[in-house]
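Chemist: Below is the file model-v7.txt, with compact mmCIF, C-alpha atoms.
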# COMPACT_ATOMS: atom_id res chain seq x y z
CA MET A 189 0.00 0.00 0.00
CA LEU A 190 1.30 3.43 -0.94
CA ILE A 191 0.35 6.69 0.73
CA THR A 192 1.17 9.85 -1.21
CA CYS A 193 2.48 12.25 1.39
CA PRO A 194 1.71 15.86 0.37
CA TYR A 195 5.34 16.75 1.06
CA CYS A 196 7.38 13.62 0.27
CA GLY A 197 5.37 12.04 -2.52
CA PRO A 198 4.34 8.36 -2.76
CA ARG A 199 5.89 6.22 -0.01
CA ASP A 200 5.48 2.68 1.25
CA VAL A 201 3.02 2.26 4.10
CA SER A 202 5.86 0.98 6.31
CA GLU A 203 7.02 4.60 6.66
CA PHE A 204 3.69 5.62 8.19
CA ALA A 205 2.18 5.15 11.62
CA TYR A 206 -1.57 4.85 12.02
CA GLN A 207 -2.85 7.45 14.46
CA GLY A 208 -6.46 6.45 14.61
CA ASP A 209 -9.94 7.25 13.39
CA GLY A 210 -10.12 10.70 11.80
CA ASN A 211 -13.84 11.13 12.50
CA ARG A 212 -13.50 11.63 16.23
CA LYS A 213 -14.21 15.06 17.69
CA ARG A 214 -12.82 15.68 21.15
CA PRO A 215 -15.59 16.65 23.59
CA ASP A 216 -15.53 19.91 25.48
CA PRO A 217 -12.78 19.41 28.09
CA ALA A 218 -15.15 20.87 30.67
CA SER A 219 -17.65 18.13 29.97
CA THR A 220 -18.09 15.56 32.75
CA ASP A 221 -20.67 13.49 30.85
CA PRO A 222 -19.37 9.89 30.96
CA GLU A 223 -21.44 8.88 27.92
CA THR A 224 -19.83 11.58 25.80
CA TRP A 225 -16.32 10.56 26.81
CA ASN A 226 -17.11 6.87 26.47
CA ALA A 227 -18.30 7.49 22.92
CA TYR A 228 -15.17 9.52 22.13
CA VAL A 229 -12.82 6.85 23.45
CA TYR A 230 -14.55 3.66 22.32
CA ASP A 231 -17.24 4.16 19.67
CA ARG A 232 -16.05 3.65 16.10
CA LEU A 233 -18.01 3.55 12.84
CA ASN A 234 -15.96 0.67 11.40
CA PRO A 235 -17.27 1.25 7.87
CA ALA A 236 -16.79 -1.13 4.95
CA GLY A 237 -15.64 1.54 2.50
CA ALA A 238 -14.21 5.05 2.64
CA HIS A 239 -12.82 5.86 6.06
CA ASN A 240 -11.32 9.08 7.43
CA GLU A 241 -8.05 8.32 9.19
CA ILE A 242 -5.09 10.11 10.73
CA TRP A 243 -1.63 8.83 9.82
CA GLN A 244 1.79 10.17 10.67
CA HIS A 245 4.65 10.02 8.18
CA ALA A 246 6.90 8.86 11.01
CA GLY A 247 9.60 7.54 8.70
CA GLY A 248 9.71 10.67 6.56
CA CYS A 249 8.72 14.30 7.12
CA ARG A 250 6.88 13.37 10.34
CA ALA A 251 3.79 15.35 9.30
CA HIS A 252 0.38 14.22 10.52
CA LEU A 253 -1.89 13.45 7.60
CA ALA A 254 -5.64 13.24 7.11
CA VAL A 255 -6.16 10.22 4.85
CA VAL A 256 -9.29 8.79 3.26
CA ARG A 257 -8.73 5.04 2.81
CA ASP A 258 -11.14 2.41 1.54
CA THR A 259 -11.18 -0.34 4.15
CA LEU A 260 -12.21 -2.90 1.53
CA THR A 261 -9.62 -2.16 -1.16
CA HIS A 262 -6.97 -0.09 0.70
CA GLU A 263 -7.34 2.50 -2.03
CA VAL A 264 -6.23 5.87 -0.69
CA SER A 265 -8.43 8.51 -2.30
CA SER A 266 -7.26 11.62 -0.44
CA VAL A 267 -4.26 12.75 1.60
CA ARG A 268 -3.76 16.20 3.08
CA PHE A 269 -1.93 17.70 6.01
CA ALA A 270 -4.04 17.12 9.12
CA ARG A 271 -3.48 20.72 10.19
CA GLU A 272 -5.27 21.96 7.08
CA HIS A 273 -8.80 21.44 8.34
CA GLY A 274 -11.23 21.83 5.52
CA ALA A 275 -8.55 22.49 2.93
CA PRO A 276 -9.07 20.90 -0.47
CA THR A 277 -7.07 17.82 -1.32
CA HIS A 278 -3.86 18.83 -2.98
CA GLY A 279 -0.24 17.83 -3.28
CA ARG A 280 2.81 20.07 -3.28
CA ARG A 281 4.82 17.32 -4.87
CA LYS A 282 3.49 15.24 -7.69
CA SER A 283 4.73 11.73 -8.20
CA GLY A 284 8.08 11.88 -9.91
CA ALA A 285 8.55 15.62 -9.45
CA LYS A 286 10.71 16.91 -6.69
CA ALA A 287 10.50 20.65 -6.86
CA MET B 146 35.06 22.47 20.31
CA VAL B 147 35.06 18.82 21.36
CA GLU B 148 36.99 16.63 18.95
CA GLN B 149 34.63 14.56 16.86
CA LEU B 150 35.38 10.85 16.66
CA SER B 151 34.02 8.67 13.88
CA PRO B 152 31.67 5.88 14.94
CA LEU B 153 32.85 4.02 11.83
CA GLU B 154 36.42 3.67 13.02
CA PRO B 155 36.30 -0.03 14.06
CA VAL B 156 34.79 -1.10 10.71
CA PHE B 157 36.18 1.50 8.31
CA ARG B 158 38.59 -0.36 5.99
CA ALA B 159 40.02 1.78 3.20
CA GLY B 160 40.60 0.04 -0.10
CA SER B 161 38.69 -2.03 -2.63
CA HIS B 162 36.18 -4.62 -1.55
CA GLY B 163 33.57 -6.97 -2.91
CA ASN B 164 33.26 -7.84 -6.56
CA PHE B 165 35.65 -5.22 -7.97
CA VAL B 166 37.38 -7.44 -10.52
CA ASP B 167 35.49 -5.71 -13.36
CA GLY B 168 35.81 -2.25 -11.82
CA ILE B 169 34.54 -0.22 -8.91
CA GLY B 170 30.78 0.36 -8.96
CA VAL B 171 30.66 2.85 -6.07
CA THR B 172 32.95 4.69 -3.71
CA LEU B 173 31.91 4.97 -0.07
CA SER B 174 33.25 7.60 2.27
CA GLU B 175 32.50 9.50 5.44
CA ILE B 176 32.34 13.21 4.67
CA ALA B 177 32.36 14.46 8.28
CA PRO B 178 31.15 18.04 7.84
CA GLY B 179 32.15 20.40 10.64
CA SER B 180 28.55 21.43 11.25
CA ILE B 181 25.18 19.77 10.73
CA VAL B 182 22.28 22.02 11.71
CA GLN B 183 18.53 21.54 11.61
CA LEU B 184 16.38 24.63 11.14
CA ALA B 185 12.61 24.75 11.61
CA ALA B 186 10.29 27.65 10.91
CA TRP B 187 7.12 28.41 12.79
CA PRO B 188 3.93 28.40 10.68
CA GLY B 189 4.03 31.23 8.16
CA GLN B 190 7.74 31.97 8.72
CA GLU B 191 9.20 29.54 6.15
CA LYS B 192 10.11 32.21 3.58
CA LYS B 193 11.95 34.30 6.16
CA LEU B 194 13.91 31.26 7.34
CA MET B 195 14.81 30.34 3.75
CA ALA B 196 16.00 33.91 3.16
CA THR B 197 18.22 33.62 6.25
CA ILE B 198 19.66 30.30 5.03
CA ASN B 199 20.35 31.88 1.65
CA SER B 200 22.05 34.90 3.18
CA VAL B 201 24.25 32.85 5.55
CA THR B 202 25.26 30.18 3.04
CA ALA B 203 25.03 32.13 -0.25
CA LEU B 204 22.98 29.22 -1.58
CA LYS B 205 19.76 29.71 -3.54
CA LEU B 206 17.13 27.45 -2.04
CA ALA B 207 14.20 27.07 -4.39
CA ASP B 208 10.66 26.87 -3.09
CA GLY B 209 9.07 23.45 -3.05
CA ALA B 210 9.23 20.17 -1.20
CA GLY B 211 12.72 18.76 -0.81
CA ALA B 212 14.40 21.54 -2.76
CA GLY B 213 18.07 22.03 -1.97
CA ALA B 214 21.41 23.29 -3.15
CA SER B 215 25.06 22.93 -2.32
CA SER B 216 28.40 24.65 -2.77
CA ASP B 217 31.95 23.64 -1.96
CA ARG B 218 31.35 24.68 1.64
CA TYR B 219 27.61 24.43 2.35
CA ALA B 220 24.74 22.08 1.60
CA ALA B 221 21.08 22.63 2.42
CA PHE B 222 17.76 20.98 1.64
CA GLY B 223 14.21 20.83 2.92
CA PHE B 224 13.39 17.48 4.50
CA ALA B 225 9.94 18.25 5.92
CA PRO B 226 7.43 21.11 5.75
CA ALA B 227 9.29 24.26 6.90
CA LYS B 228 12.30 22.22 8.09
CA PHE B 229 15.78 22.26 6.62
CA LEU B 230 19.09 20.51 7.11
CA VAL B 231 22.15 22.70 6.54
CA THR B 232 25.75 21.54 6.64
CA ASP B 233 29.04 23.42 6.65
CA THR B 234 32.55 22.04 6.19
CA SER B 235 33.56 24.30 9.10
CA GLU B 236 32.41 24.21 12.71
CA GLY B 237 30.29 26.94 14.25
CA LEU B 238 27.32 27.06 11.86
CA ALA B 239 24.79 26.53 14.67
CA ALA B 240 26.17 29.54 16.55
CA THR B 241 25.91 31.63 13.39
CA PHE B 242 22.28 30.64 12.81
CA ALA B 243 21.45 31.15 16.49
CA LYS B 244 22.35 34.81 15.98
CA GLU B 245 20.57 35.10 12.62
CA VAL B 246 17.31 33.26 13.36
CA PRO B 247 15.14 35.13 15.89
CA SER B 248 12.96 32.97 18.12
CA ALA B 249 9.90 34.49 16.41
CA ILE B 250 10.92 32.88 13.11
CA GLY B 251 12.02 29.42 14.13
CA THR B 252 14.42 27.14 15.92
CA VAL B 253 18.03 26.05 15.46
CA THR B 254 19.23 22.60 16.50
CA ASP B 255 22.89 21.63 16.34
CA LEU B 256 23.14 18.03 15.14
CA SER B 257 26.86 18.10 14.36
CA HIS B 258 27.59 15.36 16.91
CA GLY B 259 24.28 13.59 16.45
CA ARG B 260 24.50 12.61 12.79
CA THR B 261 27.04 10.83 10.67
CA ALA B 262 27.34 11.90 7.04
CA LEU B 263 28.19 9.28 4.43
CA ARG B 264 28.73 9.71 0.71
CA ILE B 265 28.13 7.15 -2.00
CA THR B 266 29.48 8.03 -5.43
CA GLY B 267 29.67 6.11 -8.65
CA ALA B 268 27.82 4.73 -11.62
CA LYS B 269 26.02 2.17 -9.43
CA ALA B 270 25.09 4.54 -6.59
CA GLU B 271 21.39 4.63 -7.54
CA TRP B 272 21.36 0.85 -7.91
CA VAL B 273 22.91 0.24 -4.47
CA LEU B 274 20.65 2.75 -2.70
CA ALA B 275 17.58 1.27 -4.39
CA LYS B 276 18.37 -1.99 -2.57
CA LEU B 277 17.93 -0.23 0.75
CA PHE B 278 15.18 2.34 0.18
CA ALA B 279 11.84 2.23 -1.65
CA ILE B 280 12.66 5.51 -3.35
CA ASP B 281 13.01 6.53 -7.00
CA PHE B 282 16.65 7.65 -7.16
CA SER B 283 16.60 8.54 -10.86
CA SER B 284 17.69 12.10 -11.59
CA ALA B 285 14.25 12.88 -13.01
CA ALA B 286 12.57 12.15 -9.69
CA PHE B 287 15.49 13.06 -7.47
CA PRO B 288 17.26 16.03 -9.07
CA LEU B 289 20.61 17.45 -8.11
CA GLY B 290 20.60 19.26 -4.78
CA SER B 291 17.22 17.96 -3.62
CA GLY B 292 16.76 15.93 -0.47
CA ILE B 293 14.39 13.50 1.20
CA SER B 294 13.64 11.88 4.54
CA THR B 295 13.11 8.15 4.61
CA THR B 296 13.94 5.04 6.61
CA HIS B 297 15.63 1.72 6.15
CA HIS B 298 14.24 -0.77 8.67
CA ASP B 299 13.45 2.09 11.05
CA ILE B 300 16.87 3.72 10.66
CA PHE B 301 15.87 7.27 9.80
CA THR B 302 17.95 8.60 6.91
CA GLN B 303 18.10 11.95 5.20
CA ILE B 304 19.50 11.83 1.68
CA GLN B 305 20.66 14.64 -0.60
CA ARG B 306 21.74 14.25 -4.19
CA SER B 307 25.15 15.91 -4.15
CA GLY B 308 26.14 15.10 -7.73
CA PRO B 309 24.91 13.40 -10.90
CA ALA B 310 26.05 10.06 -9.43
CA SER B 311 26.57 11.02 -5.82
CA PHE B 312 24.37 11.01 -2.72
CA ASP B 313 25.02 12.21 0.84
CA LEU B 314 23.32 10.23 3.58
CA TYR B 315 22.76 11.52 7.11
CA VAL B 316 22.01 8.86 9.73
CA PHE B 317 21.83 8.89 13.51
CA ARG B 318 25.36 8.57 14.86
CA SER B 319 24.38 5.68 17.12
CA PHE B 320 23.16 3.70 14.09
CA ALA B 321 25.97 4.77 11.77
CA ARG B 322 28.24 1.76 12.24
CA SER B 323 25.56 -0.83 11.52
CA PHE B 324 24.23 1.29 8.65
CA TRP B 325 27.73 1.54 7.18
CA LYS B 326 28.19 -2.23 7.35
CA MET B 327 24.84 -2.71 5.64
CA LEU B 328 25.80 -0.19 2.95
CA CYS B 329 29.02 -2.13 2.36
CA HIS B 330 27.08 -5.38 2.06
CA ALA B 331 24.70 -3.77 -0.44
CA ALA B 332 27.68 -2.52 -2.47
CA ASP B 333 29.47 -5.89 -2.42
CA GLU B 334 27.82 -6.99 -5.66
CA VAL B 335 29.04 -4.01 -7.72
CA GLY B 336 32.48 -3.71 -6.12
CA TYR B 337 33.22 -0.76 -3.90
CA GLU B 338 36.10 1.33 -2.74
CA VAL B 339 36.26 2.85 0.72
CA ARG B 340 38.21 6.05 0.98
Rewrite the coordinates I just gave you, this time as structure tokens.
Modeler:
Amino acid sequence: MLITCPYCGPRDVSEFAYQGDGNRKRPDPASTDPETWNAYVYDRLNPAGAHNEIWQHAGGCRAHLAVVRDTLTHEVSSVRFAREHGAPTHGRRKSGAKA
Amino acid sequence: MVEQLSPLEPVFRAGSHGNFVDGIGVTLSEIAPGSIVQLAAWPGQEKKLMATINSVTALKLADGAGAGASSDRYAAFGFAPAKFLVTDTSEGLAATFAKEVPSAIGTVTDLSHGRTALRITGAKAEWVLAKLFAIDFSSAAFPLGSGISTTHHDIFTQIQRSGPASFDLYVFRSFARSFWKMLCHAADEVGYEVR
């Protein structure tokens, strides 16, 4: 499986570390509702299909990435920097081009 | 300055090795720059940091991922968003950047004693490196001066193309000896010279 890092280009999945489900939204830290925190910690959609995930390019530029991966085919349809919330999918480096 | 000792010393054997009967495929060497410095810019400060690198080193860093350049004295390349590795054949580069890079722009980390710099040169350099890294080392994908971050079996490695058939590799000093031995094994097939 290849993940195309927006900075480094296409790299083998062995360079990346899975950081978890990208759909989670951290509850208000002031919240003391156990159900809310239980859902945040344990509840997962586990879809058969496109899945929002957070990966870190630990063996490369070390950027955290927001990845959309198909859990059935492992096809990666979108990769962007995780810090770019809401930014359109794009790549600074196209495959085979360094600058 | 503290005298730098090479971690390769016990295994560094100058001369020709491996299958060199039909010629030397690659030359392996330790380049031991006096300074290895990592620079990181805060969000939005990347251009200012690049301008500082250019003014200190007289290099012309292009914009874009992994872009780099080198001269007889300096080498620099981007290895991550807003992060750069800069080397100098002389010591003291970190102190220079510490004066030139205000804390509002970014950070300066002296890695001179933390990294070992190796050079692989020769017609088979791309071939040998391709055994170790899942990276396209062709000049079209990896042009002169540019750099990357990658790993070989969890040994983090930063690589810069320093010539048409030459690459500089920066590895953690504590892993350098085992990495060097592995590099020698990989070069066995094509024949290599250590100098």
Chemist: Mind giving me the straight-line distance from CA of Ala246 in chain A to CA of Ala205 in chain A in Å, one decimal?
Modeler: 6.0 Å
Chemist: Using Å and a single decimal, report how far CA of Ser215 in chain B sits from CA of Lys244 in chain B.
Modeler: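 A separation of 22.0 Å between them.
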Chemist: With a distance cut-off of 12 Å and all atoms listed in the file, select the neighbouring residues of Gly210 in chain A, excluding the residue or stretch itself and same-chain residues fewer than 2 positions from it, and output the selection as a PyMOL selection string.
Modeler: chain A and resi 206-208+212-214+228+232-234+238-244+252-257+267+270+273
Chemist: Please list as a ChimeraX atom specification every residue within 6 Å of Thr261 in chain B, counting all atoms listed in the file and excluding residues in the same chain fewer than 4 positions away.
Modeler: /B:315-316,318
Chemist: Given all atoms listed in the file as the basis, pick out the residue of B:Ser291, B:Thr202, B:Ser323, B:Ser311 nearest to chain A.
Modeler: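 Using all atoms listed in the file, chain A sits closest to B:Ser291.
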Chemist: Report as a count of residues only the set of chain B residues whose atoms approach chain A to within 9 Å, with distances computed over all atoms listed in the file.
Modeler: 30
Chemist: Can you sort out the box for range 221-236 of chain B, edges along x, y and z, all listed atoms in, 3 Å on every side, with centre and edge lengths in Å to one decimal, as lines of an AutoDock Vina configuration file?
Modeler:
center_x = 20.5
center_y = 20.9
center_z = 7.2
size_x = 32.1
size_y = 12.8
size_z = 17.1
Chemist: Can you tell me, as a list in words, what residues are no more than 12 Å from Asp167 in chain B when counting all atoms listed in the file, ignoring any on the same chain fewer than 6 positions away?
Modeler: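 Answer for this query is Ser161, Glu334, Val335, Gly336 and Tyr337 of chain B.
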Chemist: Let me see the file: selected residues, C-alpha atoms, as a JSON list (two decimals), keeping the file's coordinate frame.
Modeler:
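Output file out31.json is given in full below:
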[["chain", "number", "residue", "atom", "x", "y", "z"],
["B", 161, "SER", "CA", 38.69, -2.03, -2.63],
["B", 334, "GLU", "CA", 27.82, -6.99, -5.66],
["B", 335, "VAL", "CA", 29.04, -4.01, -7.72],
["B", 336, "GLY", "CA", 32.48, -3.71, -6.12],
["B", 337, "TYR", "CA", 33.22, -0.76, -3.90]]
Chemist: How far is it from CA of Ile250 in chain B to CA of Glu236 in chain B, in Å with one decimal?
Modeler: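 Interatomic distance here is 23.2 Å.
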